[in-house]
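Worksheet for the structure shown next.
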Amino acid sequence: MASVPSLAVSGGAAAASATFPSAAGADARRPPPSSVAVADKSNSNGGSIQVAQNSGGMEAPLRPLDVEEAMGMLREGKTVRSAMYVPLLHQCVEAGSLGNARAVYGHMVKTGTGSDMFVATSLVNAYMRCGASRDARTLFDRMPDKNVVTWTALITGYTLNSQPVAALEVFVEMLEDGRYPSHFTLGATLSACSSSENIGLGKQVHGYTIKYGAESITSIGNSLCRLYTKSGSLESAMRTFRRVPNKNVITWTTMISACAEDENFVDLGLTLFLDMLMDGVVPNEFTLTSVMSLCCTRLDLNLGKQVQAFCFKIGCETNLPVNNSTMYLYLRKGETEEAMRLFEGMDGVSIITWNAMISGYAQIMETAKDDLHARSRGFQALKIFLNLKRSSLKPDLFTFSSILSVCSAMMALEQGEQIHAQTIKTGFLSDVVVNSALVNMYNKCGCIEDATKAFVEMSTRTLVTWTSMISGYSQHGRPQEAIQLFEDMRFAGIKPNEITFVSVLSACSYAGLVDEAERYFNMMKEEYKIEPVLDHYGCMIDMFVRLGWLDDAFSFVKRTGFEPNEAVWSSLVAGCRSHGNMELAFYAADRLLELNPKGIETYVLLLNMYISTGRWHDVARVRKLMKQEDLGILRDRSWITIKDKVCFFRANDKTHEQSDDLYQLLENLLEKAKTIGYEPYQNAELSDSEDDEKSAAGSLKHHSERLAVALGLLQTPPGATIRITKNITMCRDCHSSIKFFSLLANREIVVRDSKRLHKFKDGRCSCGDFSSLL
């Protein structure tokens, strides 16, 4: 793109006045009143007969004609004054009728009025606003005379037709032709710079506006604010914003909306909103939608309710975008009943409304106080999606990506497969966001083959997609494939981020590839300049512990100088206990307790270790700490879906109608498992009663995942995969027994607990027997 030519303008104020015409220039762009005066050529006296008669020497107002009446008269051969073509073209624009505009042009050519610059400019504008940019350019090039309004009409039209590069080319062409732009021209050019992201030329135009004193014009200031906010330079936008003397609602809304798009400027956005009100400017629906978004980012429901009340005060309470933002805020705060009331009370909804409901429930799942509430919100999201399909609206790519994330969280494979089919049918499978969500869904549901197929069939892949697939291979116990895919990603020129390195280091940990892990750890720091975080250190510790290199694990902690968190010390405790080095296990346990951990699973891990070694003094100490922290109890929950019916189990649950059969099946399986090597572990009891004060060293319970497995074996056909979700980490005993169940029943059993995915098959688990901590 050429730069802005320099202009030699003399005369100081006179030059500025010539460059930026005021009222005259503005009025020249306005069409006259929407009326047409016609004359009948068949008049025998040769005079014209006007639709409106003259009276007393004064011309009476012309009678307005609608577009159909006027077109009919033109087809009958009536003549019109040249200026009267303008309101007729304006009606063509309002109706979006390109055919009528072309018919008017044909009549203009026939009557010889097409050379009139004022009328021809109106026709250029009409063609552009009806989407015929090529016709507009052809007409423009044929015009013998052009003024600043003509050039501006062409520039504005290209911008409106999503051809900003062409608009900028016309602007440069205009300057090279020696023409001076008006502030309307500059505003249109700045909009084209924003749309084409040509910030360099935009800055040159900004300099031009400063040189000729146009920066203080409100419309120019608005365009400059949009330019800088779109380029991500909020500081430049704020400097421009402060220099606009007469800020209107567009000026304020532009800045508030920009702050709503960047969570680092939430407080600034709310401050601007208050300043706007103090300045006496009444916000519109776009302002209020952005302010609601700011409240969502801050999760400030009280402020959101005040904004909602303000909407009622100024009459915006029925505005759809405002209602969508308000409803989403209620969902983010867990106020589902109020959100549903708003949703059901809307007179008309858009696909954005449905998407806000689905994504809102998906967000609640991540922040729910427990897994039971999370799953209930997930079911509600699936129900809303089903209702959307039954409505007149159709899901879009945002709908599919949101609902696939819900299926991932719930391990709802059947629903995910149905949604996969719908993405194929609707054509959204080609979208990289939807496809990435699909890959993640299959990975989370334990279907690595389906995830691989979806990944391979993607025409475009993002870093998120590559990372998700690498993580999937790692979690499914396929470290070599994860490492190979990481190298393929690098070969394809995709730069890994810190999450990608967590995935590849996890794969190295699983396979015990110490040299490769250290190479990738160093590569991350030296080649990609990524500083390690606790997750990276945790992967390295896991690797040493898996191999039984406990001294190396502690040496790594000292050598790198990082401070282990609760998860790392828990891993060291579990690893030391698993390898029989109780001295180091007790040392790690003391360091863990010094952190005053908040996770109840951590305390259960320590209880199990102390119970197994008979250290009753430490058992009492841990129990005392649990009471001091008011952690309550560890509730054991599992879910299994069979034929679209979700079954829920607690530990030692006997509420299912087939509970007798379930317990009998489990006893039979456990007896058979003992004959081929299964040895029960002693664990702390998982109680579902707040008043349960039983000893933690009681008999083993049937934990929830065992009962879910038994139901799956009873109610699914032979050979079918059993898929279960669990709200806490699997205990060692359940992990060990389910390995034997998979061998005895010749079934693949997938259990996703709070830590990771376990894929049991032929007596082995994809986690490598290292993830059972309790």
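Every chain in the structure tokens has a letter given in the order shown (A, B, ...), and although residue numbers restart at 1 in each chain, ligands are simply numbered from 1 in the order shown.
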May I have a table of the residues of region 269-314 of chain A lying at most 10 Å from region 321-326 of chain A, giving each one's closest pair of atoms and their distance in Å to one decimal, counting only C-alpha atoms, ordered by chain and ascending residue number, as JSON lines?
{"residue": "A:Asn284", "atom": "CA", "partner": "A:Val322", "partner_atom": "CA", "distance": 9.9}
{"residue": "A:Glu285", "atom": "CA", "partner": "A:Val322", "partner_atom": "CA", "distance": 6.3}
{"residue": "A:Phe286", "atom": "CA", "partner": "A:Val322", "partner_atom": "CA", "distance": 7.7}
{"residue": "A:Thr287", "atom": "CA", "partner": "A:Val322", "partner_atom": "CA", "distance": 9.1}
{"residue": "A:Leu288", "atom": "CA", "partner": "A:Val322", "partner_atom": "CA", "distance": 6.4}
{"residue": "A:Thr289", "atom": "CA", "partner": "A:Val322", "partner_atom": "CA", "distance": 4.7}
{"residue": "A:Ser290", "atom": "CA", "partner": "A:Ser325", "partner_atom": "CA", "distance": 8.2}
{"residue": "A:Val291", "atom": "CA", "partner": "A:Ser325", "partner_atom": "CA", "distance": 8.9}
{"residue": "A:Met292", "atom": "CA", "partner": "A:Ser325", "partner_atom": "CA", "distance": 5.7}
{"residue": "A:Ser293", "atom": "CA", "partner": "A:Ser325", "partner_atom": "CA", "distance": 6.2}
{"residue": "A:Leu294", "atom": "CA", "partner": "A:Ser325", "partner_atom": "CA", "distance": 9.7}
{"residue": "A:Cys295", "atom": "CA", "partner": "A:Thr326", "partner_atom": "CA", "distance": 9.1}
{"residue": "A:Cys296", "atom": "CA", "partner": "A:Ser325", "partner_atom": "CA", "distance": 8.0}
{"residue": "A:Leu301", "atom": "CA", "partner": "A:Thr326", "partner_atom": "CA", "distance": 9.5}
{"residue": "A:Gly304", "atom": "CA", "partner": "A:Thr326", "partner_atom": "CA", "distance": 7.3}
{"residue": "A:Lys305", "atom": "CA", "partner": "A:Thr326", "partner_atom": "CA", "distance": 8.4}
{"residue": "A:Val307", "atom": "CA", "partner": "A:Thr326", "partner_atom": "CA", "distance": 9.0}
{"residue": "A:Gln308", "atom": "CA", "partner": "A:Thr326", "partner_atom": "CA", "distance": 7.2}
{"residue": "A:Cys311", "atom": "CA", "partner": "A:Val322", "partner_atom": "CA", "distance": 8.3}
Once you have the residues from the selection above, write them out as a compact mmCIF listing (two decimals), in the first residue's frame, restricted to all heavy atoms.
# COMPACT_ATOMS: atom_id res chain seq x y z
N ASN A 284 -26.16 3.60 25.15
CA ASN A 284 -27.09 2.85 24.31
C ASN A 284 -26.95 1.36 24.60
O ASN A 284 -26.21 0.95 25.50
CB ASN A 284 -26.88 3.15 22.83
CG ASN A 284 -25.47 2.82 22.36
OD1 ASN A 284 -24.75 2.02 22.99
ND2 ASN A 284 -25.05 3.42 21.27
N GLU A 285 -27.64 0.53 23.81
CA GLU A 285 -27.61 -0.91 24.09
C GLU A 285 -26.23 -1.52 23.91
O GLU A 285 -25.86 -2.48 24.59
CB GLU A 285 -28.62 -1.63 23.20
CG GLU A 285 -28.37 -1.56 21.72
CD GLU A 285 -29.08 -0.37 21.07
OE1 GLU A 285 -29.40 0.60 21.78
OE2 GLU A 285 -29.30 -0.42 19.85
N PHE A 286 -25.42 -0.94 22.99
CA PHE A 286 -24.07 -1.47 22.79
C PHE A 286 -23.19 -1.17 24.00
O PHE A 286 -22.38 -2.00 24.42
CB PHE A 286 -23.46 -0.86 21.51
CG PHE A 286 -24.28 -1.11 20.28
CD1 PHE A 286 -25.04 -0.11 19.72
CD2 PHE A 286 -24.31 -2.38 19.70
CE1 PHE A 286 -25.81 -0.34 18.58
CE2 PHE A 286 -25.08 -2.62 18.57
CZ PHE A 286 -25.83 -1.61 18.01
N THR A 287 -23.34 0.03 24.55
CA THR A 287 -22.60 0.38 25.77
C THR A 287 -22.94 -0.57 26.90
O THR A 287 -22.06 -1.12 27.57
CB THR A 287 -22.94 1.82 26.20
OG1 THR A 287 -23.10 2.66 25.07
CG2 THR A 287 -21.87 2.37 27.12
N LEU A 288 -24.24 -0.77 27.12
CA LEU A 288 -24.69 -1.58 28.25
C LEU A 288 -24.30 -3.05 28.07
O LEU A 288 -24.00 -3.74 29.05
CB LEU A 288 -26.20 -1.44 28.41
CG LEU A 288 -26.66 -0.02 28.80
CD1 LEU A 288 -28.17 0.10 28.72
CD2 LEU A 288 -26.18 0.32 30.20
N THR A 289 -24.28 -3.53 26.83
CA THR A 289 -23.83 -4.90 26.58
C THR A 289 -22.37 -5.06 26.98
O THR A 289 -21.99 -6.05 27.62
CB THR A 289 -24.02 -5.26 25.10
OG1 THR A 289 -25.39 -5.14 24.74
CG2 THR A 289 -23.56 -6.69 24.83
N SER A 290 -21.54 -4.07 26.63
CA SER A 290 -20.12 -4.12 26.99
C SER A 290 -19.93 -4.02 28.49
O SER A 290 -19.07 -4.70 29.08
CB SER A 290 -19.35 -3.00 26.28
OG SER A 290 -19.40 -3.16 24.88
N VAL A 291 -20.72 -3.17 29.15
CA VAL A 291 -20.60 -3.03 30.60
C VAL A 291 -20.99 -4.34 31.29
O VAL A 291 -20.34 -4.76 32.27
CB VAL A 291 -21.48 -1.86 31.10
CG1 VAL A 291 -21.50 -1.82 32.63
CG2 VAL A 291 -20.95 -0.55 30.56
N MET A 292 -22.02 -5.00 30.79
CA MET A 292 -22.39 -6.31 31.34
C MET A 292 -21.26 -7.32 31.16
O MET A 292 -21.01 -8.16 32.03
CB MET A 292 -23.67 -6.82 30.69
CG MET A 292 -24.94 -6.28 31.31
SD MET A 292 -25.12 -6.82 33.03
CE MET A 292 -26.75 -6.18 33.40
N SER A 293 -20.57 -7.24 30.02
CA SER A 293 -19.42 -8.13 29.80
C SER A 293 -18.32 -7.86 30.82
O SER A 293 -17.66 -8.78 31.30
CB SER A 293 -18.88 -7.94 28.37
OG SER A 293 -19.84 -8.32 27.42
N LEU A 294 -18.12 -6.59 31.15
CA LEU A 294 -17.14 -6.24 32.18
C LEU A 294 -17.55 -6.82 33.53
O LEU A 294 -16.71 -7.34 34.28
CB LEU A 294 -17.01 -4.72 32.28
CG LEU A 294 -16.38 -3.99 31.09
CD1 LEU A 294 -16.61 -2.50 31.18
CD2 LEU A 294 -14.89 -4.29 31.02
N CYS A 295 -18.83 -6.75 33.83
CA CYS A 295 -19.32 -7.35 35.09
C CYS A 295 -19.11 -8.86 35.09
O CYS A 295 -18.80 -9.45 36.13
CB CYS A 295 -20.80 -7.03 35.28
SG CYS A 295 -21.18 -5.27 35.51
N CYS A 296 -19.29 -9.50 33.93
CA CYS A 296 -19.06 -10.94 33.82
C CYS A 296 -17.60 -11.28 34.10
O CYS A 296 -17.30 -12.25 34.80
CB CYS A 296 -19.44 -11.44 32.42
SG CYS A 296 -21.21 -11.64 32.17
N LEU A 301 -21.84 -9.59 40.48
CA LEU A 301 -23.28 -9.67 40.29
C LEU A 301 -24.00 -8.44 40.83
O LEU A 301 -24.98 -7.98 40.24
CB LEU A 301 -23.83 -10.93 40.97
CG LEU A 301 -25.31 -11.23 40.78
CD1 LEU A 301 -25.65 -11.35 39.30
CD2 LEU A 301 -25.70 -12.49 41.53
N GLY A 304 -23.74 -5.83 38.31
CA GLY A 304 -24.56 -6.26 37.18
C GLY A 304 -26.03 -5.99 37.40
O GLY A 304 -26.75 -5.57 36.48
N LYS A 305 -26.50 -6.19 38.62
CA LYS A 305 -27.91 -5.91 38.93
C LYS A 305 -28.20 -4.41 38.86
O LYS A 305 -29.30 -4.00 38.44
CB LYS A 305 -28.25 -6.45 40.31
CG LYS A 305 -28.33 -7.98 40.37
CD LYS A 305 -28.70 -8.47 41.77
CE LYS A 305 -28.86 -9.99 41.80
NZ LYS A 305 -29.20 -10.50 43.14
N VAL A 307 -26.66 -2.33 36.83
CA VAL A 307 -26.71 -2.03 35.39
C VAL A 307 -28.04 -2.52 34.81
O VAL A 307 -28.65 -1.85 33.97
CB VAL A 307 -25.52 -2.69 34.66
CG1 VAL A 307 -25.63 -2.47 33.16
CG2 VAL A 307 -24.21 -2.12 35.18
N GLN A 308 -28.50 -3.68 35.28
CA GLN A 308 -29.79 -4.20 34.80
C GLN A 308 -30.92 -3.24 35.17
O GLN A 308 -31.82 -2.98 34.36
CB GLN A 308 -30.05 -5.58 35.41
CG GLN A 308 -31.30 -6.27 34.87
CD GLN A 308 -31.56 -7.60 35.54
OE1 GLN A 308 -31.00 -7.90 36.60
NE2 GLN A 308 -32.41 -8.41 34.92
N CYS A 311 -30.92 -0.41 32.87
CA CYS A 311 -31.51 -0.77 31.58
C CYS A 311 -33.03 -0.55 31.62
O CYS A 311 -33.62 -0.06 30.65
CB CYS A 311 -31.21 -2.22 31.23
SG CYS A 311 -29.47 -2.56 30.88
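Those residues that approach Glu498 (chain A) to within 9 Å, counting only C-alpha atoms, are Phe501, Val502, Ser503, Met524, Ile530, Glu531, Pro532, Val533 and His536 of chain A; same-chain residues fewer than 3 positions away are not listed.
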Of A:Trp252, A:Phe265, A:Leu605, A:Pro164, the one sitting nearest Leu277 (chain A) when using only C-alpha atoms is A:Trp252
Please list as a VMD selection string every residue within 12 Å of Arg615 (chain A), counting only C-alpha atoms and excluding residues in the same chain fewer than 6 positions away. chain A and resid 582 586 606 to 609 621 to 622 697
Could you please write out, as a ChimeraX atom specification, every residue of region 433-602 of chain A that DSSP assigns to alpha helix (DSSP H)? /A:433-444,448-456,463-475,479-491,498-511,514-526,534-547,550-560,566-578,582-594,600-602
